[in-house]
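Text of work-v7.txt, listed as compact mmCIF, N, CA and C atoms:
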# COMPACT_ATOMS: atom_id res chain seq x y z
N GLY L 10 114.15 109.53 110.19
CA GLY L 10 112.82 110.03 110.32
C GLY L 10 112.76 111.26 111.19
N PRO L 11 111.60 111.81 111.28
CA PRO L 11 111.44 113.03 112.08
C PRO L 11 111.59 112.75 113.58
N ILE L 12 112.06 113.72 114.30
CA ILE L 12 112.14 113.63 115.76
C ILE L 12 110.90 114.29 116.32
N VAL L 13 110.16 113.56 117.13
CA VAL L 13 108.92 114.08 117.72
C VAL L 13 109.00 113.99 119.24
N GLN L 14 108.11 114.70 119.91
CA GLN L 14 108.18 114.82 121.36
C GLN L 14 107.46 113.73 122.14
N THR L 15 106.45 113.08 121.53
CA THR L 15 105.66 112.10 122.28
C THR L 15 105.36 110.86 121.43
N GLN L 16 104.96 109.80 122.11
CA GLN L 16 104.55 108.58 121.41
C GLN L 16 103.25 108.81 120.65
N ALA L 17 102.40 109.68 121.16
CA ALA L 17 101.15 110.00 120.45
C ALA L 17 101.46 110.65 119.11
N ILE L 18 102.43 111.53 119.08
CA ILE L 18 102.82 112.16 117.81
C ILE L 18 103.46 111.13 116.88
N ARG L 19 104.22 110.22 117.42
CA ARG L 19 104.76 109.13 116.59
C ARG L 19 103.61 108.37 115.94
N GLY L 20 102.53 108.15 116.69
CA GLY L 20 101.36 107.48 116.14
C GLY L 20 100.74 108.27 115.00
N GLU L 21 100.66 109.59 115.16
CA GLU L 21 100.11 110.44 114.09
C GLU L 21 100.96 110.34 112.83
N TRP L 22 102.27 110.37 112.99
CA TRP L 22 103.17 110.26 111.84
C TRP L 22 103.04 108.88 111.19
N TYR L 23 102.92 107.84 112.01
CA TYR L 23 102.73 106.49 111.47
C TYR L 23 101.45 106.42 110.65
N GLU L 24 100.37 106.96 111.18
CA GLU L 24 99.09 106.94 110.46
C GLU L 24 99.22 107.67 109.12
N SER L 25 99.88 108.81 109.12
CA SER L 25 100.08 109.56 107.88
C SER L 25 100.90 108.74 106.88
N TYR L 26 101.97 108.12 107.35
CA TYR L 26 102.83 107.28 106.50
C TYR L 26 102.02 106.14 105.87
N VAL L 27 101.26 105.44 106.69
CA VAL L 27 100.49 104.29 106.19
C VAL L 27 99.42 104.74 105.21
N LYS L 28 98.70 105.81 105.54
CA LYS L 28 97.67 106.28 104.62
C LYS L 28 98.26 106.72 103.29
N ASN L 29 99.42 107.37 103.33
CA ASN L 29 100.09 107.74 102.08
C ASN L 29 100.49 106.50 101.28
N ALA L 30 101.07 105.53 101.95
CA ALA L 30 101.48 104.30 101.26
C ALA L 30 100.28 103.59 100.66
N LEU L 31 99.21 103.47 101.42
CA LEU L 31 98.05 102.73 100.95
C LEU L 31 97.25 103.47 99.89
N SER L 32 97.52 104.76 99.71
CA SER L 32 96.84 105.50 98.65
C SER L 32 97.44 105.20 97.28
N CYS L 33 98.56 104.50 97.26
CA CYS L 33 99.22 104.12 96.00
C CYS L 33 98.89 102.67 95.69
N PRO L 34 98.19 102.39 94.60
CA PRO L 34 97.78 101.02 94.32
C PRO L 34 98.94 100.05 94.07
N ASN L 35 100.11 100.57 93.72
CA ASN L 35 101.24 99.68 93.45
C ASN L 35 102.05 99.34 94.70
N ILE L 36 101.70 99.88 95.85
CA ILE L 36 102.36 99.52 97.11
C ILE L 36 101.77 98.19 97.58
N VAL L 37 102.64 97.24 97.89
CA VAL L 37 102.15 95.92 98.30
C VAL L 37 102.34 95.64 99.79
N GLY L 38 102.95 96.57 100.52
CA GLY L 38 103.12 96.34 101.95
C GLY L 38 103.92 97.46 102.59
N TYR L 39 104.00 97.41 103.90
CA TYR L 39 104.77 98.36 104.69
C TYR L 39 105.14 97.66 105.99
N HIS L 40 106.12 98.17 106.69
CA HIS L 40 106.53 97.56 107.95
C HIS L 40 107.14 98.61 108.87
N TRP L 41 107.35 98.22 110.11
CA TRP L 41 108.01 99.07 111.10
C TRP L 41 109.44 98.60 111.23
N PHE L 42 110.38 99.53 111.42
CA PHE L 42 111.81 99.25 111.41
C PHE L 42 112.30 98.41 112.59
N GLU L 43 111.87 98.70 113.80
CA GLU L 43 112.39 98.04 115.00
C GLU L 43 111.26 97.65 115.95
N HIS L 44 111.43 96.51 116.61
CA HIS L 44 110.46 96.12 117.64
C HIS L 44 110.78 96.83 118.96
N ILE L 45 112.03 96.76 119.39
CA ILE L 45 112.44 97.32 120.68
C ILE L 45 113.45 98.44 120.46
N ASP L 46 113.35 99.49 121.27
CA ASP L 46 114.32 100.59 121.22
C ASP L 46 115.73 100.08 121.48
N GLN L 47 116.70 100.89 121.05
CA GLN L 47 118.07 100.60 121.41
C GLN L 47 118.34 101.18 122.81
N PRO L 48 119.28 100.61 123.55
CA PRO L 48 119.57 101.14 124.89
C PRO L 48 120.15 102.55 124.79
N LYS L 49 119.92 103.35 125.84
CA LYS L 49 120.41 104.73 125.83
C LYS L 49 121.92 104.80 125.73
N GLU L 50 122.61 103.73 126.15
CA GLU L 50 124.07 103.68 126.05
C GLU L 50 124.53 103.51 124.62
N GLY L 51 123.62 103.09 123.74
CA GLY L 51 123.93 102.92 122.34
C GLY L 51 124.28 101.49 121.96
N ARG L 52 124.16 101.23 120.68
CA ARG L 52 124.57 99.94 120.13
C ARG L 52 126.06 100.00 119.82
N PHE L 53 126.58 98.97 119.16
CA PHE L 53 128.00 98.93 118.79
C PHE L 53 128.40 100.13 117.93
N ASP L 54 127.43 100.68 117.17
CA ASP L 54 127.73 101.81 116.29
C ASP L 54 127.29 103.15 116.89
N GLY L 55 126.84 103.13 118.15
CA GLY L 55 126.45 104.35 118.82
C GLY L 55 124.99 104.73 118.68
N GLU L 56 124.25 104.03 117.81
CA GLU L 56 122.85 104.36 117.62
C GLU L 56 122.07 104.06 118.90
N ASN L 57 121.29 105.04 119.36
CA ASN L 57 120.57 104.88 120.64
C ASN L 57 119.21 105.55 120.60
N SER L 58 118.50 105.37 119.53
CA SER L 58 117.26 106.12 119.34
C SER L 58 116.01 105.34 119.70
N ASN L 59 114.92 106.08 119.77
CA ASN L 59 113.59 105.56 120.07
C ASN L 59 112.93 105.13 118.75
N TYR L 60 113.40 103.99 118.21
CA TYR L 60 112.87 103.47 116.94
C TYR L 60 111.82 102.39 117.15
N GLY L 61 111.73 101.83 118.33
CA GLY L 61 110.86 100.68 118.56
C GLY L 61 109.42 101.02 118.85
N ILE L 62 108.61 99.96 118.83
CA ILE L 62 107.23 100.09 119.28
C ILE L 62 107.12 99.67 120.75
N ALA L 63 108.27 99.26 121.30
CA ALA L 63 108.36 98.90 122.71
C ALA L 63 109.68 99.45 123.26
N ASN L 64 109.71 99.69 124.56
CA ASN L 64 110.95 100.18 125.17
C ASN L 64 111.93 99.03 125.36
N ILE L 65 113.08 99.31 125.95
CA ILE L 65 114.11 98.27 126.10
C ILE L 65 113.71 97.15 127.06
N HIS L 66 112.60 97.32 127.77
CA HIS L 66 112.06 96.27 128.65
C HIS L 66 110.91 95.53 127.99
N ASP L 67 110.75 95.74 126.67
CA ASP L 67 109.71 95.10 125.86
C ASP L 67 108.30 95.48 126.31
N GLU L 68 108.16 96.71 126.80
CA GLU L 68 106.85 97.24 127.18
C GLU L 68 106.37 98.13 126.03
N PRO L 69 105.28 97.75 125.36
CA PRO L 69 104.81 98.51 124.21
C PRO L 69 104.42 99.94 124.58
N TYR L 70 104.63 100.84 123.63
CA TYR L 70 104.17 102.22 123.77
C TYR L 70 102.69 102.23 123.40
N ALA L 71 101.83 102.35 124.41
CA ALA L 71 100.38 102.21 124.21
C ALA L 71 99.82 103.21 123.21
N GLU L 72 100.27 104.47 123.29
CA GLU L 72 99.74 105.49 122.38
C GLU L 72 100.04 105.13 120.92
N LEU L 73 101.24 104.66 120.68
CA LEU L 73 101.67 104.29 119.33
C LEU L 73 100.99 103.01 118.86
N THR L 74 101.00 101.98 119.69
CA THR L 74 100.45 100.70 119.25
C THR L 74 98.93 100.75 119.08
N HIS L 75 98.25 101.63 119.81
CA HIS L 75 96.81 101.80 119.62
C HIS L 75 96.53 102.31 118.20
N VAL L 76 97.28 103.32 117.78
CA VAL L 76 97.12 103.86 116.43
C VAL L 76 97.48 102.78 115.39
N MET L 77 98.55 102.06 115.64
CA MET L 77 98.96 101.01 114.69
C MET L 77 97.86 99.96 114.51
N LYS L 78 97.28 99.54 115.61
CA LYS L 78 96.23 98.54 115.52
C LYS L 78 95.03 99.07 114.74
N ARG L 79 94.62 100.28 115.05
CA ARG L 79 93.46 100.87 114.38
C ARG L 79 93.69 101.03 112.88
N ILE L 80 94.81 101.62 112.50
CA ILE L 80 95.04 101.89 111.08
C ILE L 80 95.33 100.60 110.32
N ASN L 81 96.00 99.65 110.95
CA ASN L 81 96.27 98.38 110.27
C ASN L 81 94.99 97.59 110.02
N LEU L 82 94.00 97.74 110.90
CA LEU L 82 92.70 97.09 110.66
C LEU L 82 91.97 97.72 109.47
N GLU L 83 92.28 98.97 109.17
CA GLU L 83 91.67 99.67 108.05
C GLU L 83 92.45 99.51 106.75
N ALA L 84 93.63 98.92 106.81
CA ALA L 84 94.56 98.92 105.68
C ALA L 84 93.97 98.37 104.39
N GLU L 85 93.32 97.24 104.45
CA GLU L 85 92.80 96.63 103.23
C GLU L 85 91.76 97.54 102.56
N ASN L 86 90.86 98.09 103.35
CA ASN L 86 89.85 98.98 102.78
C ASN L 86 90.48 100.26 102.21
N LEU L 87 91.46 100.82 102.91
CA LEU L 87 92.12 102.01 102.40
C LEU L 87 92.82 101.72 101.08
N HIS L 88 93.48 100.59 100.99
CA HIS L 88 94.20 100.24 99.76
C HIS L 88 93.23 99.95 98.62
N ASP L 89 92.11 99.33 98.93
CA ASP L 89 91.10 99.07 97.89
C ASP L 89 90.60 100.37 97.27
N LYS L 90 90.56 101.44 98.03
CA LYS L 90 90.08 102.73 97.53
C LYS L 90 91.12 103.46 96.68
N ALA L 91 92.33 102.93 96.64
CA ALA L 91 93.42 103.61 95.91
C ALA L 91 93.17 103.64 94.41
N GLY L 92 92.44 102.67 93.88
CA GLY L 92 92.16 102.65 92.45
C GLY L 92 93.38 102.21 91.65
N ASP L 93 93.31 102.42 90.37
CA ASP L 93 94.38 102.02 89.45
C ASP L 93 95.10 103.25 88.92
N TYR L 94 96.35 103.04 88.54
CA TYR L 94 97.09 104.11 87.86
C TYR L 94 96.84 104.01 86.39

Could you spell out this file's structure in structure tokens?
Amino acid sequence: GPIVQTQAIRGEWYESYVKNALSCPNIVGYHWFEHIDQPKEGRFDGENSNYGIANIHDEPYAELTHVMKRINLEAENLHDKAGDY
């Protein structure tokens, strides 16, 4: 995915992703890849990125999770507006 500078921008990208997905009537769901970030020292394969919705201490990123909550509450209505192909 794209590399962004802040959690707020991650929220903007998430909102765009979800709105795009929900605009397609044949999409039946979406999900987030990771709950918690990987440690800066890396995993067994060296991956050490900010993929989670929470840091390595399980503290949620407020800017990101606020957007997630808001857009997920709108999901059903957004998908209903997608219409048929």

Would you work out the distance separating CA of Ile36 (chain L) from atom N of Asn86 (chain L), expressed in Å to one decimal?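 For CA of Ile36 (chain L) relative to atom N of Asn86 (chain L), the distance reads 13.2 Å.
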
Based on DSSP run over this structure's backbone, return all residues of chain L in alpha helix (DSSP H), as a ChimeraX atom specification. /L:16-31,71-89

Atom pair CA of Gln14 (chain L) + CA of Ile62 (chain L), distance 14.9 Å

Let me know the centre plus edge lengths, in Å and rounded to one decimal, of a box with edges along x, y and z that contains all listed atoms of region 28-38 of chain L and is padded by 6 Å on every side, as lines of an AutoDock Vina configuration file.
center_x = 100.4
center_y = 101.7
center_z = 99.5
size_x = 19.1
size_y = 24.1
size_z = 24.1

Looking at only N, CA and C atoms, which of L:Ile18, L:Leu31, L:Pro11, L:Val76 is the one that sits closest to Lys90 (chain L)? L:Leu31

Of the candidates L:Asp46, L:Pro34, L:Gln16, L:Gly92, which one gets nearest to Met77 (chain L) if we count only C-alpha atoms?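 The answer is L:Gln16, which sits nearest to Met77 (chain L).
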
Separation of CA of Lys78 (chain L) and CA of Gly51 (chain L), in Å? 28.9 Å

Within 6 Å of Asn59 (chain L), counting only N, CA and C atoms, which residues qualify if same-chain residues fewer than 2 places away don't, as a PDB file with N, CA and C atoms, in the frame of the given file?
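part_9.pdb, freshly written:
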ATOM      1  N   ASP L  46     113.350  99.490 121.270  1.00  0.00           N
ATOM      2  CA  ASP L  46     114.320 100.590 121.220  1.00  0.00           C
ATOM      3  C   ASP L  46     115.730 100.080 121.480  1.00  0.00           C
ATOM      4  N   GLN L  47     116.700 100.890 121.050  1.00  0.00           N
ATOM      5  CA  GLN L  47     118.070 100.600 121.410  1.00  0.00           C
ATOM      6  C   GLN L  47     118.340 101.180 122.810  1.00  0.00           C
ATOM      7  N   ASN L  57     121.290 105.040 119.360  1.00  0.00           N
ATOM      8  CA  ASN L  57     120.570 104.880 120.640  1.00  0.00           C
ATOM      9  C   ASN L  57     119.210 105.550 120.600  1.00  0.00           C
ATOM     10  N   GLY L  61     111.730 101.830 118.330  1.00  0.00           N
ATOM     11  CA  GLY L  61     110.860 100.680 118.560  1.00  0.00           C
ATOM     12  C   GLY L  61     109.420 101.020 118.850  1.00  0.00           C
TER      13      GLY L  61
END

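In terms of minimum interatomic distance to Ala63 (chain L), L:His44 ranks closest within L:His44, L:Thr15, L:Val27, L:Leu87, counting only N, CA and C atoms.
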
Write out as a list in words which residues come within 8 Å of Ala17 (chain L) when counting all atoms listed in the file, dropping same-chain ones fewer than 6 positions away.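 So, after excluding close chain neighbours, the residues are Tyr23, Tyr70, Ala71, Glu72, Leu73 and Thr74 of chain L.
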
Selection near Lys28 (chain L), 8 Å with all atoms listed in the file, sequence-local residues under 4 positions removed, as a PyMOL selection string: chain L and resi 22-24+32-33+80+87-88

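With all atoms listed in the file as the atoms that count, the residue of L:Leu82, L:Gly55, L:His75, L:Ala91 with the shortest distance to Gly20 (chain L) is L:His75.
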